[in-house]
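Notes follow the structure.
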Amino acid sequence: MSKLVKSLKVDARLISQLGEALIDSNKVALMELIKNSSDADATICKINIDTFFENEQGRGRIVIEDNGSGMNDYIIENSFLKIASSFKNNYQKISPKYNRIAQGNKGIGRLSLNKLGRSVKVTTKLDTDFLLENYKSLDLSNGYGNDNIDNILRDNHDKYYNFEINWEDFNSENVSIDDVSITIKHEDCNDSIKFNGFNHGTKIEIFGIKDIEYWNDNNVFELIKDEINQLFNPFIEKESNFLVKVKVDSKPIFTNDILDEERIRNTSFSYARFELCSEQKKINVRLKRNKHYIKKEIDKLIRTMENFNFTINSEIDYQQQYNLYSSNFAEIDLSSFQKLKDTIANYKCDISGLNLYDEDKLFLPGDFEGEIFAYDFSASKDTAEIKKYIENFLGVKVYRNNFRILPYGSVDNDWLDMSGYNTRTESIIYKKHTTTGYVRIDGLENLNKIKEMTNRQGIQLDNYGENFILLMKNIIYRIIAKMEKDFNDSLRHSQEKILREKKSGEIEEISGIIFKKNYDPQNESKNKIAEIKKDLEEDSFENKKLLAKIDSLNKNIDDVNEYNLKKENLINKEYKYINELNPIIGSAIIAQSLAHEIKRLSNQIEISTKNIRSLCDRDIYDELDLISINCYYLSRYASVLDINSRSKRRKYETFSIKKYLNLILLDNPIFRYKGRDYKYEFIGEDFQIRGIKANIKITVENIILNSLYWLEYFNIDNPVINFELFPNARKMVIYDNGKGIDKNISDKIFEPFVSNKPENEGRGMGLYIVSELLKDFGAIISLDDSLNNCGNKYKFVIEFLEE
C-alpha cells in the first residue's frame, strides 16, 4: 500500500472571504483599527477619510496614524502579517507603557484593511526611547525577536519600516497565500518621518476605498462620532488618555469627548464610589452628598413645613447638617456566603442568584471599580447647563481598558434595574435618566474571568460574568439606594393629616430642626366651636337652633379649608410649570440685564468721548480713565455671557485664593469708580481652593461693584472693602464699611430682580448670577447674620468645598 503525504493549502482568496465574514461593516473595521492603536499605547489616533483622492488603486484614501509603540521587522512578520496570530495574546496581553489590556486579541484586525480598501501602505517606527528606559522589565526575545537591547537599538533607533499590500494580488486564480510576497523596506529616518508629531508610531494608508458611497453618506460622520463616543470611557485618566480625531472630507474635525470628572463630581447632587478587591474579598461603597444637594433638601423641607403653617423655632446650623449627611460608607465581606449575608443584612439586597462553589464560596470576578453620579434635574434652574453637558453620557456604562462593553448603560438598557427599584419603592435620586457613571474592569484577573461575547455585545453569563452583574445590580446599587433612601427618610415630615391637625404651639422635630405650629385661625375657630357646643348640651329648643347654626358654621369652615387646598394644588401645579421654564427665563433675564448694562456703559463712553473733544488743550486723563473703566466693564459683562455659554468648557484648577485675588485686583480700574479712589484690605491667612477662576473673578467683581455703588451713593468717608479669609473653615467673607443691606431685601438678596437701586440703575441680577456661578463648582454664598452699626446685615460669606 502506497501513502501520499500532503498538507493543507490555503487559497489566497480566503483573505477577502474572511474579511467579509468576520468584519461585517465599514464601521466595525474602522473601530478595530482604532483599538489596535490603543493596544499599541498610542495617546493620539488621527483618522482622515478623503473620498476625493484618486490614484491607480481608484478613488478614496483612509489614513490612520498613531503615536504608539510602532513595530520592528519581527513584530511585523509575527503579528501584523500573521492572520489569527496569538502574538498579542501571548506577549502583549498588557501593553508595556500604559498597562492597557489588549482589545484586538484575535489577530484579525488587519482584515479590516482588506474590508476598507484595495491596497494598503504601512509606515512604522519603533519607540526606542521607551525600550532603552524599560528594556530590563521587557521580554525582548519574544516581544522584539532579539534578547540584546543594543542590537534592537542599532536596527531601529534611526530607521523605520514600510511595506505595501495589494489585496488584488490575493484574488488571482490558483494562488496560495504563501505565493503572495510582501517586501518590507528598512530605511533611514528623515525629518518627514513623524507620527502625529512624534518620532515613533504607525501610519496606515488605505487606497481605493471599496465602499465609497458609504463614506459619502451625509449621516456617516455623525454615525462615526456616536460610535466613538460610545466606544471610549469619557472618564478616562489623563495619563493614559487616548484621543481620537476624525476628519471626513471637508467636515469639521471630530474629537472624542473626555468629561471633566471633577466638574461632574462637584456639580452632581450625590455620587458613590465603589470597588471590589478580590484579594481582600471585600466590596467598599462610599457615598458623598454635595453641600448644595443637602441644602436644597433642607430648604425644600422648610418650604413644605411653612405650607403647613410651621415656622423654625431655632436657627438652622447648616454645617451640622452637612456633617451629618455628607457621607456614608459600607464594607461588604465576600469571603463566604454567610459573611456576605451578615454584612448586607441592613441593605435589603437580593443575593439568592449568586453562583457558589464549595457551598459557601462565591465565584468572584476579579477587581473592579467605578463611580455613579446622580442629579436632580427637576431643579432645572440649577442643573440645566450641566444637564446639557452630560446628557449624551447618561447611564452607567462598563469599560475594559477604557473601551466600552456594550450594551450596558445604553438608553434602552437598565442593567442595574434602577427603574424597577424606583417603581417598587419611594423614588430616590439615583434613577436611570438622572445618573451617569462607569465601571472599570481592567485587571488581568478580570481578563480571564469576565469574558465578552464574541460579537462584543455583552458579557458571557457564566459563573463569573453572572456574578459580576448581580454584584453590581443586587448589592452595590441596592446599598447606594438604601443609603439615599435613609437620607430621604431622615428629612421626611409626618403625614399631611397629622401636620394639619397639630395645634398651635405644638412641635415637630426633623433632623434636629425644631418646627413650631403657628396660630391657625381655622383650627382655633373649630376648637372654640367645639367648646361652645359642649356648653350648649342642655336639650332645649333654643339650644338646638344654636347648635344647628354652629354645625352650619363648622361646615363652612371645612368648605373654606377644602377650597384653600384646591387653590394650593393649583398654585403648586403652576409653580411646577414655571419651574420647568426656568432655564429659558434665566437665559432671557441674563440677556436682558447684559443688554441694559452694555447700553448704559456705551452711552457713558459716548459722553466721555464728546467731553474729550471739547477739552482740547485741557487735561484729558480723567476722561480717558473713565473710558478705560467703562470698556473694562463692557468686557466684564460680556464675560458673564461667555461663562454661561453651554459650549464653553469650565476649567477646574487648584489655586491660592488670596494670591489670585491680588492678581485680579491689583491696579484694577474698578477701584477708580466714578473718578474716586477706593481701597481694599485682606485679613487672615491664604489657603488653597479647587474651583473655576473665571467664576471667582466675576463673583468678586460683582460684589465689589455693588459695594462701590452704595459707598459712593451714601458718600461714605474713607471707604474700604475687606476680604477676610478663614483657612480652617474654608470660607471667605467680603464686606465694606458702608450702611449694609437694606432690611427689606436682605432675606432674598440672591433671588432674581431683587434690588434697592433706583429703577433705571439696577435689575437685581448681579448676586443671583453670582450664586449660580459658584454652584458650578459646589461653592455656596450667603449673607451672614451679624449686623453693622446701622443694624443691617453686611457680610457676604463664600464657603468652598474641601480641597
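Order determines the names: the first chain of the C-alpha cells is A, the second B, and so forth; residues in each chain are numbered 1 upward, and ligands are numbered 1 upward as they are shown.
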Query raised in the report: Which residues in segment 244-346 of chain A does DSSP call helix (DSSP H, G or I)? List them as a ChimeraX atom specification.
Result: /A:261-267,291-307,318-325,337-343
Can you write out the residues you just picked, keeping N, CA, C and O atoms, as a short mmCIF file (atom, residue, chain, number, x, y, z; two decimals), in the first residue's frame?
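Just written: selection-v3.cif:
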```
data_model
loop_
_atom_site.label_atom_id
_atom_site.label_comp_id
_atom_site.auth_asym_id
_atom_site.auth_seq_id
_atom_site.Cartn_x
_atom_site.Cartn_y
_atom_site.Cartn_z
N GLU A 261 -14.11 64.97 34.99
CA GLU A 261 -14.69 64.18 36.07
C GLU A 261 -14.85 65.01 37.34
O GLU A 261 -15.80 64.83 38.10
N GLU A 262 -13.92 65.91 37.56
CA GLU A 262 -14.01 66.74 38.77
C GLU A 262 -15.21 67.67 38.71
O GLU A 262 -15.90 67.89 39.70
N ARG A 263 -15.48 68.18 37.51
CA ARG A 263 -16.66 69.03 37.36
C ARG A 263 -17.94 68.22 37.59
O ARG A 263 -18.86 68.69 38.27
N ILE A 264 -17.98 67.01 37.03
CA ILE A 264 -19.13 66.13 37.23
C ILE A 264 -19.32 65.85 38.73
O ILE A 264 -20.43 65.90 39.26
N ARG A 265 -18.22 65.56 39.39
CA ARG A 265 -18.29 65.23 40.82
C ARG A 265 -18.79 66.43 41.64
O ARG A 265 -19.61 66.27 42.54
N ASN A 266 -18.30 67.63 41.33
CA ASN A 266 -18.66 68.80 42.12
C ASN A 266 -20.06 69.31 41.85
O ASN A 266 -20.70 69.89 42.73
N THR A 267 -20.55 69.12 40.64
CA THR A 267 -21.88 69.62 40.31
C THR A 267 -22.97 68.58 40.53
O THR A 267 -24.16 68.93 40.52
N LYS A 291 -22.82 69.76 49.20
CA LYS A 291 -23.50 70.70 50.09
C LYS A 291 -24.77 71.27 49.46
O LYS A 291 -25.78 71.44 50.12
N HIS A 292 -24.67 71.58 48.14
CA HIS A 292 -25.84 72.21 47.52
C HIS A 292 -27.05 71.26 47.49
O HIS A 292 -28.20 71.72 47.50
N TYR A 293 -26.80 69.95 47.46
CA TYR A 293 -27.89 68.98 47.49
C TYR A 293 -28.52 68.93 48.88
O TYR A 293 -29.75 68.98 49.03
N ILE A 294 -27.68 68.84 49.91
CA ILE A 294 -28.21 68.78 51.28
C ILE A 294 -28.99 70.05 51.60
O ILE A 294 -30.09 70.00 52.17
N LYS A 295 -28.41 71.21 51.22
CA LYS A 295 -29.10 72.47 51.48
C LYS A 295 -30.42 72.54 50.72
O LYS A 295 -31.44 73.02 51.25
N LYS A 296 -30.44 72.06 49.49
CA LYS A 296 -31.67 72.06 48.71
C LYS A 296 -32.76 71.23 49.39
O LYS A 296 -33.92 71.65 49.46
N GLU A 297 -32.39 70.06 49.90
CA GLU A 297 -33.38 69.19 50.54
C GLU A 297 -33.88 69.80 51.85
O GLU A 297 -35.07 69.69 52.17
N ILE A 298 -32.98 70.44 52.61
CA ILE A 298 -33.41 71.09 53.85
C ILE A 298 -34.31 72.28 53.54
O ILE A 298 -35.34 72.48 54.19
N ASP A 299 -33.93 73.07 52.54
CA ASP A 299 -34.76 74.22 52.17
C ASP A 299 -36.12 73.77 51.66
O ASP A 299 -37.14 74.44 51.90
N LYS A 300 -36.15 72.64 50.95
CA LYS A 300 -37.43 72.10 50.48
C LYS A 300 -38.29 71.68 51.67
O LYS A 300 -39.52 71.91 51.68
N LEU A 301 -37.67 71.07 52.68
CA LEU A 301 -38.39 70.69 53.89
C LEU A 301 -38.97 71.93 54.59
O LEU A 301 -40.13 71.92 55.02
N ILE A 302 -38.17 72.99 54.66
CA ILE A 302 -38.63 74.21 55.31
C ILE A 302 -39.84 74.79 54.58
O ILE A 302 -40.83 75.18 55.20
N ARG A 303 -39.77 74.82 53.24
CA ARG A 303 -40.90 75.34 52.46
C ARG A 303 -42.15 74.50 52.69
O ARG A 303 -43.26 75.05 52.81
N THR A 304 -41.97 73.19 52.74
CA THR A 304 -43.12 72.30 52.97
C THR A 304 -43.74 72.56 54.33
O THR A 304 -44.97 72.66 54.46
N MET A 305 -42.89 72.68 55.35
CA MET A 305 -43.41 72.91 56.70
C MET A 305 -44.08 74.29 56.79
O MET A 305 -45.08 74.44 57.50
N GLU A 306 -43.55 75.27 56.09
CA GLU A 306 -44.19 76.59 56.06
C GLU A 306 -45.58 76.50 55.44
O GLU A 306 -46.51 77.20 55.87
N ASN A 307 -45.72 75.63 54.42
CA ASN A 307 -47.04 75.45 53.79
C ASN A 307 -48.06 74.88 54.78
O ASN A 307 -49.27 75.09 54.62
N TYR A 318 -26.45 74.80 59.27
CA TYR A 318 -26.26 74.05 58.03
C TYR A 318 -24.99 73.20 58.08
O TYR A 318 -24.96 72.10 57.54
N GLN A 319 -23.95 73.73 58.70
CA GLN A 319 -22.70 72.95 58.77
C GLN A 319 -22.91 71.65 59.52
O GLN A 319 -22.38 70.60 59.14
N GLN A 320 -23.71 71.70 60.56
CA GLN A 320 -24.03 70.48 61.30
C GLN A 320 -24.79 69.50 60.43
O GLN A 320 -24.54 68.28 60.47
N GLN A 321 -25.70 70.01 59.61
CA GLN A 321 -26.44 69.15 58.69
C GLN A 321 -25.51 68.56 57.63
O GLN A 321 -25.63 67.38 57.26
N TYR A 322 -24.54 69.37 57.13
CA TYR A 322 -23.58 68.86 56.16
C TYR A 322 -22.77 67.73 56.77
O TYR A 322 -22.55 66.69 56.14
N ASN A 323 -22.31 67.94 57.99
CA ASN A 323 -21.50 66.92 58.67
C ASN A 323 -22.30 65.64 58.87
O ASN A 323 -21.77 64.53 58.81
N LEU A 324 -23.59 65.82 59.11
CA LEU A 324 -24.45 64.66 59.41
C LEU A 324 -24.72 63.82 58.16
O LEU A 324 -24.76 62.58 58.22
N TYR A 325 -24.89 64.49 57.01
CA TYR A 325 -25.37 63.78 55.83
C TYR A 325 -24.38 63.74 54.66
O TYR A 325 -24.70 63.20 53.60
N PHE A 337 -20.37 33.03 51.80
CA PHE A 337 -21.76 33.41 51.56
C PHE A 337 -22.43 33.84 52.85
O PHE A 337 -23.21 34.79 52.88
N GLN A 338 -22.08 33.20 53.95
CA GLN A 338 -22.67 33.54 55.23
C GLN A 338 -22.25 34.93 55.68
O GLN A 338 -23.06 35.74 56.15
N LYS A 339 -20.95 35.26 55.51
CA LYS A 339 -20.48 36.58 55.90
C LYS A 339 -21.08 37.67 55.00
O LYS A 339 -21.34 38.79 55.45
N LEU A 340 -21.30 37.32 53.75
CA LEU A 340 -21.97 38.25 52.86
C LEU A 340 -23.37 38.56 53.39
O LEU A 340 -23.78 39.72 53.47
N LYS A 341 -24.11 37.53 53.77
CA LYS A 341 -25.46 37.74 54.30
C LYS A 341 -25.44 38.59 55.56
O LYS A 341 -26.29 39.45 55.76
N ASP A 342 -24.43 38.38 56.39
CA ASP A 342 -24.34 39.13 57.64
C ASP A 342 -24.08 40.62 57.39
O ASP A 342 -24.67 41.48 58.06
N THR A 343 -23.21 40.91 56.43
CA THR A 343 -22.81 42.32 56.23
C THR A 343 -23.80 43.11 55.37
O THR A 343 -23.69 44.34 55.30
#
```
Taking only residues of segment 14-43 of chain A that have an atom at most 12 Å from an atom of segment 451-467 of chain A, what is each one's shortest atom pair and its distance in Å to one decimal, using only C-alpha atoms, in chain and number order, as a Markdown table?
```
| residue | atom | partner | partner_atom | distance |
| --- | --- | --- | --- | --- |
| A:Leu22 | CA | A:Asn455 | CA | 9.6 |
| A:Ile23 | CA | A:Asn455 | CA | 10.3 |
| A:Asp24 | CA | A:Asn455 | CA | 10.4 |
| A:Val28 | CA | A:Asn455 | CA | 10.6 |
| A:Met31 | CA | A:Arg456 | CA | 11.9 |
| A:Glu32 | CA | A:Arg456 | CA | 11.5 |
```
Query raised in the report: Can you list, as an MDAnalysis selection string, every protein, DNA or RNA residue that comes within 9 Å of Arg440 of chain A when you count only C-alpha atoms, leaving out same-chain residues fewer than 2 positions away?
Result: chainID A and resid 367:370 397:402 438 442:443
Export of prior selection with all heavy atoms as a compact mmCIF listing (two decimals), in the first residue's frame:
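Dumped everything to selection-v5.txt:
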```txt
# COMPACT_ATOMS: atom_id res chain seq x y z
N ASP A 367 -10.98 42.15 40.47
CA ASP A 367 -11.11 43.55 40.87
C ASP A 367 -11.90 44.37 39.85
O ASP A 367 -11.74 44.19 38.64
CB ASP A 367 -9.73 44.20 41.02
CG ASP A 367 -8.92 43.57 42.14
OD1 ASP A 367 -9.48 42.75 42.89
OD2 ASP A 367 -7.72 43.88 42.25
N PHE A 368 -12.74 45.24 40.35
CA PHE A 368 -13.35 46.27 39.51
C PHE A 368 -13.69 47.46 40.39
O PHE A 368 -13.74 47.37 41.62
CB PHE A 368 -14.58 45.76 38.74
CG PHE A 368 -15.74 45.34 39.60
CD1 PHE A 368 -16.65 46.26 40.09
CD2 PHE A 368 -15.96 43.99 39.89
CE1 PHE A 368 -17.73 45.88 40.87
CE2 PHE A 368 -17.03 43.60 40.67
CZ PHE A 368 -17.92 44.54 41.15
N GLU A 369 -13.89 48.61 39.76
CA GLU A 369 -14.19 49.83 40.50
C GLU A 369 -15.03 50.74 39.60
O GLU A 369 -15.12 50.53 38.39
CB GLU A 369 -12.91 50.57 40.90
CG GLU A 369 -12.09 51.04 39.70
CD GLU A 369 -10.90 51.88 40.10
OE1 GLU A 369 -10.71 52.09 41.31
OE2 GLU A 369 -10.17 52.33 39.19
N GLY A 370 -15.61 51.76 40.22
CA GLY A 370 -16.38 52.71 39.43
C GLY A 370 -17.01 53.80 40.27
O GLY A 370 -16.83 53.85 41.49
N LYS A 397 -22.09 52.86 32.47
CA LYS A 397 -21.52 52.01 31.42
C LYS A 397 -20.33 51.21 31.94
O LYS A 397 -19.70 51.60 32.93
CB LYS A 397 -21.13 52.88 30.21
CG LYS A 397 -22.33 53.60 29.59
CD LYS A 397 -21.93 54.54 28.48
CE LYS A 397 -23.16 55.12 27.78
NZ LYS A 397 -24.00 55.95 28.68
N VAL A 398 -20.05 50.11 31.27
CA VAL A 398 -18.96 49.21 31.67
C VAL A 398 -17.82 49.35 30.67
O VAL A 398 -18.05 49.32 29.45
CB VAL A 398 -19.44 47.75 31.74
CG1 VAL A 398 -18.31 46.83 32.17
CG2 VAL A 398 -20.63 47.62 32.71
N TYR A 399 -16.60 49.51 31.17
CA TYR A 399 -15.43 49.68 30.32
C TYR A 399 -14.33 48.71 30.72
O TYR A 399 -14.10 48.48 31.91
CB TYR A 399 -14.88 51.11 30.42
CG TYR A 399 -15.86 52.17 30.01
CD1 TYR A 399 -16.68 52.80 30.94
CD2 TYR A 399 -15.97 52.56 28.68
CE1 TYR A 399 -17.58 53.77 30.56
CE2 TYR A 399 -16.88 53.54 28.29
CZ TYR A 399 -17.68 54.14 29.24
OH TYR A 399 -18.57 55.10 28.85
N ARG A 400 -13.71 48.15 29.71
CA ARG A 400 -12.49 47.37 29.92
C ARG A 400 -11.37 48.10 29.21
O ARG A 400 -11.44 48.33 28.00
CB ARG A 400 -12.64 45.94 29.37
CG ARG A 400 -11.32 45.20 29.25
CD ARG A 400 -11.54 43.73 28.91
NE ARG A 400 -11.79 42.95 30.10
CZ ARG A 400 -12.54 41.85 30.13
NH1 ARG A 400 -13.15 41.44 29.03
NH2 ARG A 400 -12.71 41.18 31.25
N ASN A 401 -10.36 48.49 29.99
CA ASN A 401 -9.24 49.23 29.42
C ASN A 401 -9.72 50.46 28.67
O ASN A 401 -9.23 50.81 27.61
CB ASN A 401 -8.43 48.31 28.48
CG ASN A 401 -7.17 48.98 27.98
OD1 ASN A 401 -6.59 49.79 28.69
ND2 ASN A 401 -6.78 48.66 26.77
N ASN A 402 -10.76 51.11 29.27
CA ASN A 402 -11.36 52.34 28.74
C ASN A 402 -12.09 52.15 27.42
O ASN A 402 -12.49 53.11 26.78
CB ASN A 402 -10.32 53.45 28.62
CG ASN A 402 -9.91 53.97 29.99
OD1 ASN A 402 -10.75 54.17 30.84
ND2 ASN A 402 -8.61 54.15 30.19
N TYR A 438 -19.57 54.97 35.50
CA TYR A 438 -18.77 53.96 34.82
C TYR A 438 -18.40 52.84 35.79
O TYR A 438 -18.39 53.02 37.01
CB TYR A 438 -17.49 54.59 34.25
CG TYR A 438 -16.58 55.15 35.31
CD1 TYR A 438 -15.58 54.38 35.90
CD2 TYR A 438 -16.73 56.46 35.76
CE1 TYR A 438 -14.77 54.88 36.90
CE2 TYR A 438 -15.92 56.98 36.75
CZ TYR A 438 -14.93 56.19 37.31
OH TYR A 438 -14.13 56.69 38.31
N ASP A 442 -10.47 46.45 34.64
CA ASP A 442 -9.21 46.49 33.90
C ASP A 442 -8.21 45.41 34.32
O ASP A 442 -7.16 45.29 33.70
CB ASP A 442 -8.53 47.86 34.08
CG ASP A 442 -9.31 48.96 33.39
OD1 ASP A 442 -10.23 48.62 32.63
OD2 ASP A 442 -9.02 50.13 33.64
N GLY A 443 -8.48 44.68 35.36
CA GLY A 443 -7.46 43.78 35.89
C GLY A 443 -7.20 42.57 35.01
O GLY A 443 -8.04 42.14 34.23
```
Requested in this report: Would you please work out which residue, of A:Phe242, A:Phe207, A:Phe269, A:Phe163, is nearest to Glu54 of chain A when using only C-alpha atoms?
Outcome: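 Checking each candidate against Glu54 of chain A, we get A:Phe207 as the closest.
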Can you pull out every residue within 10 Å of Asn313 of chain A, counting only C-alpha atoms, but drop anything in the same chain fewer than 3 positions away, and send it as a compact mmCIF listing (two decimals) with N, CA, C and O atoms, in the first residue's frame?
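What landed in result-v4.txt:
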```txt
# COMPACT_ATOMS: atom_id res chain seq x y z
N PHE A 310 -46.02 75.95 59.77
CA PHE A 310 -44.98 75.79 60.79
C PHE A 310 -43.86 76.79 60.53
O PHE A 310 -43.59 77.15 59.37
N ILE A 316 -31.03 77.34 61.91
CA ILE A 316 -30.52 76.09 61.35
C ILE A 316 -29.00 76.15 61.25
O ILE A 316 -28.45 77.09 60.69
N ILE A 507 -44.94 71.03 68.57
CA ILE A 507 -43.60 70.92 67.99
C ILE A 507 -43.50 69.71 67.06
O ILE A 507 -44.06 68.65 67.33
N GLU A 508 -42.77 69.89 65.93
CA GLU A 508 -42.40 68.79 65.02
C GLU A 508 -40.89 68.88 64.84
O GLU A 508 -40.36 69.89 64.32
N GLU A 509 -40.15 67.85 65.25
CA GLU A 509 -38.69 67.86 65.14
C GLU A 509 -38.26 66.93 64.00
O GLU A 509 -38.63 65.76 63.96
N ILE A 513 -34.01 69.79 63.59
CA ILE A 513 -34.59 71.10 63.32
C ILE A 513 -35.97 71.16 63.98
O ILE A 513 -36.81 70.28 63.77
N ILE A 514 -36.19 72.19 64.82
CA ILE A 514 -37.43 72.31 65.56
C ILE A 514 -38.40 73.21 64.80
O ILE A 514 -38.10 74.37 64.50
N PHE A 515 -39.56 72.63 64.47
CA PHE A 515 -40.62 73.39 63.81
C PHE A 515 -41.78 73.56 64.79
O PHE A 515 -42.17 72.60 65.48
N LYS A 516 -42.32 74.76 64.85
CA LYS A 516 -43.43 75.06 65.76
C LYS A 516 -44.65 75.47 64.96
O LYS A 516 -44.56 76.29 64.04
N LYS A 517 -45.82 74.88 65.33
CA LYS A 517 -47.07 75.18 64.62
C LYS A 517 -47.54 76.59 64.98
O LYS A 517 -47.63 76.94 66.16
```
Report task. Determine, counting only C-alpha atoms, which protein, DNA and RNA residues have an atom within 6 Å of an atom of segment 34-49 of chain A; residues of the same chain fewer than 6 positions away are not included. Present the result as a PyMOL selection string. Result -> chain A and resi 62-69+102+241-248
Report task. Quote the spacing between atom CA of Ile745 of chain A and atom CA of Tyr794 of chain A in Å to one decimal place. Result ->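 Going from atom CA of Ile745 of chain A over to atom CA of Tyr794 of chain A, I get 11.9 Å.
Counting only C-alpha atoms, segment 177-181 of chain A has the following residues at most 12 Å away, ignoring those fewer than 3 positions along the same chain: Leu8, Lys9, Val10, Asp11, Ala12, Arg13, Leu14, Ile15, Ser16, Glu77, Leu81, Lys82, Ile83, Phe163, Glu164, Ile165, Asn166, Trp167, Glu168, Asp169, Phe170, Asn171, Ser172, Glu173, Asn174 and Ile184 of chain A.
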Dump as a short mmCIF file (atom, residue, chain, number, x, y, z; two decimals), in the first residue's frame, selection limited to N, CA, C and O atoms:
```
data_model
loop_
_atom_site.label_atom_id
_atom_site.label_comp_id
_atom_site.auth_asym_id
_atom_site.auth_seq_id
_atom_site.Cartn_x
_atom_site.Cartn_y
_atom_site.Cartn_z
N LEU A 8 -2.41 20.85 3.97
CA LEU A 8 -3.49 21.76 3.56
C LEU A 8 -2.90 23.00 2.91
O LEU A 8 -1.90 23.54 3.35
N LYS A 9 -3.54 23.41 1.86
CA LYS A 9 -3.15 24.66 1.21
C LYS A 9 -4.32 25.63 1.33
O LYS A 9 -5.48 25.25 1.29
N VAL A 10 -3.97 26.87 1.49
CA VAL A 10 -4.99 27.90 1.66
C VAL A 10 -4.96 28.83 0.47
O VAL A 10 -3.92 29.42 0.15
N ASP A 11 -6.10 28.91 -0.21
CA ASP A 11 -6.20 29.81 -1.36
C ASP A 11 -6.12 31.25 -0.88
O ASP A 11 -6.69 31.62 0.15
N ALA A 12 -5.42 32.07 -1.62
CA ALA A 12 -5.21 33.46 -1.22
C ALA A 12 -6.53 34.22 -1.11
O ALA A 12 -6.64 35.19 -0.36
N ARG A 13 -7.55 33.77 -1.85
CA ARG A 13 -8.83 34.46 -1.80
C ARG A 13 -9.52 34.34 -0.44
O ARG A 13 -10.49 35.03 -0.17
N LEU A 14 -9.01 33.45 0.41
CA LEU A 14 -9.57 33.31 1.76
C LEU A 14 -9.47 34.63 2.55
O LEU A 14 -10.31 34.91 3.42
N ILE A 15 -8.45 35.44 2.23
CA ILE A 15 -8.28 36.72 2.92
C ILE A 15 -9.54 37.58 2.77
O ILE A 15 -10.09 38.09 3.75
N SER A 16 -10.00 37.72 1.53
CA SER A 16 -11.19 38.53 1.28
C SER A 16 -12.43 37.90 1.91
O SER A 16 -13.28 38.60 2.48
N GLU A 77 6.36 40.75 11.03
CA GLU A 77 6.26 39.39 10.47
C GLU A 77 5.40 38.49 11.33
O GLU A 77 4.57 37.73 10.81
N LEU A 81 1.52 40.59 9.95
CA LEU A 81 1.33 39.83 8.71
C LEU A 81 0.89 38.39 8.96
O LEU A 81 0.84 37.60 8.02
N LYS A 82 0.54 38.09 10.18
CA LYS A 82 0.14 36.71 10.51
C LYS A 82 -1.31 36.72 10.99
O LYS A 82 -1.63 37.18 12.08
N ILE A 83 -2.20 36.23 10.11
CA ILE A 83 -3.63 36.22 10.40
C ILE A 83 -3.90 35.28 11.58
O ILE A 83 -3.34 34.19 11.67
N PHE A 163 5.97 48.98 4.17
CA PHE A 163 5.63 47.92 3.21
C PHE A 163 4.23 48.19 2.67
O PHE A 163 3.46 48.97 3.24
N GLU A 164 3.95 47.55 1.53
CA GLU A 164 2.67 47.73 0.87
C GLU A 164 2.02 46.37 0.62
O GLU A 164 2.71 45.38 0.38
N ILE A 165 0.69 46.36 0.68
CA ILE A 165 -0.08 45.15 0.37
C ILE A 165 -1.15 45.52 -0.64
O ILE A 165 -1.96 46.42 -0.40
N ASN A 166 -1.14 44.82 -1.78
CA ASN A 166 -2.19 44.99 -2.78
C ASN A 166 -3.13 43.80 -2.64
O ASN A 166 -2.75 42.66 -2.97
N TRP A 167 -4.33 44.03 -2.15
CA TRP A 167 -5.25 42.93 -1.87
C TRP A 167 -5.70 42.21 -3.14
O TRP A 167 -6.12 41.05 -3.09
N GLU A 168 -5.57 42.90 -4.28
CA GLU A 168 -5.95 42.26 -5.54
C GLU A 168 -5.01 41.08 -5.85
O GLU A 168 -5.38 40.15 -6.56
N ASP A 169 -3.77 41.12 -5.32
CA ASP A 169 -2.83 40.01 -5.53
C ASP A 169 -3.34 38.71 -4.94
O ASP A 169 -2.91 37.62 -5.34
N PHE A 170 -4.24 38.82 -3.96
CA PHE A 170 -4.75 37.62 -3.30
C PHE A 170 -5.99 37.06 -4.00
O PHE A 170 -6.51 36.02 -3.59
N ASN A 171 -6.46 37.75 -5.03
CA ASN A 171 -7.69 37.32 -5.70
C ASN A 171 -7.44 36.60 -7.02
O ASN A 171 -8.39 36.27 -7.73
N SER A 172 -6.17 36.37 -7.36
CA SER A 172 -5.86 35.67 -8.61
C SER A 172 -6.20 34.19 -8.49
O SER A 172 -6.25 33.60 -7.40
N GLU A 173 -6.45 33.56 -9.65
CA GLU A 173 -6.79 32.14 -9.68
C GLU A 173 -5.60 31.28 -9.26
O GLU A 173 -4.46 31.54 -9.63
N ASN A 174 -5.88 30.22 -8.48
CA ASN A 174 -4.89 29.20 -8.10
C ASN A 174 -3.63 29.80 -7.46
O ASN A 174 -2.51 29.35 -7.67
N ILE A 184 9.31 44.17 2.77
CA ILE A 184 9.44 45.10 3.89
C ILE A 184 10.72 45.91 3.71
O ILE A 184 11.81 45.35 3.66
#
```
Query raised in the report: Skipping near chain neighbours, those fewer than 4 positions away, what residues fall within 9 Å of segment 410-426 of chain A using only C-alpha atoms, listed as a VMD selection string?
Result: chain A and resid 230 394 to 397 406 430 to 433 469 to 470 472 to 474 477 to 478 481 485
Query raised in the report: Of the residues A:Ile571, A:Ile236, A:Ile152, A:Ala29, which is the one nearest to Asp73 of chain A, using only C-alpha atoms?
Result: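 Among the listed residues, the smallest separation from Asp73 of chain A belongs to A:Ile152.
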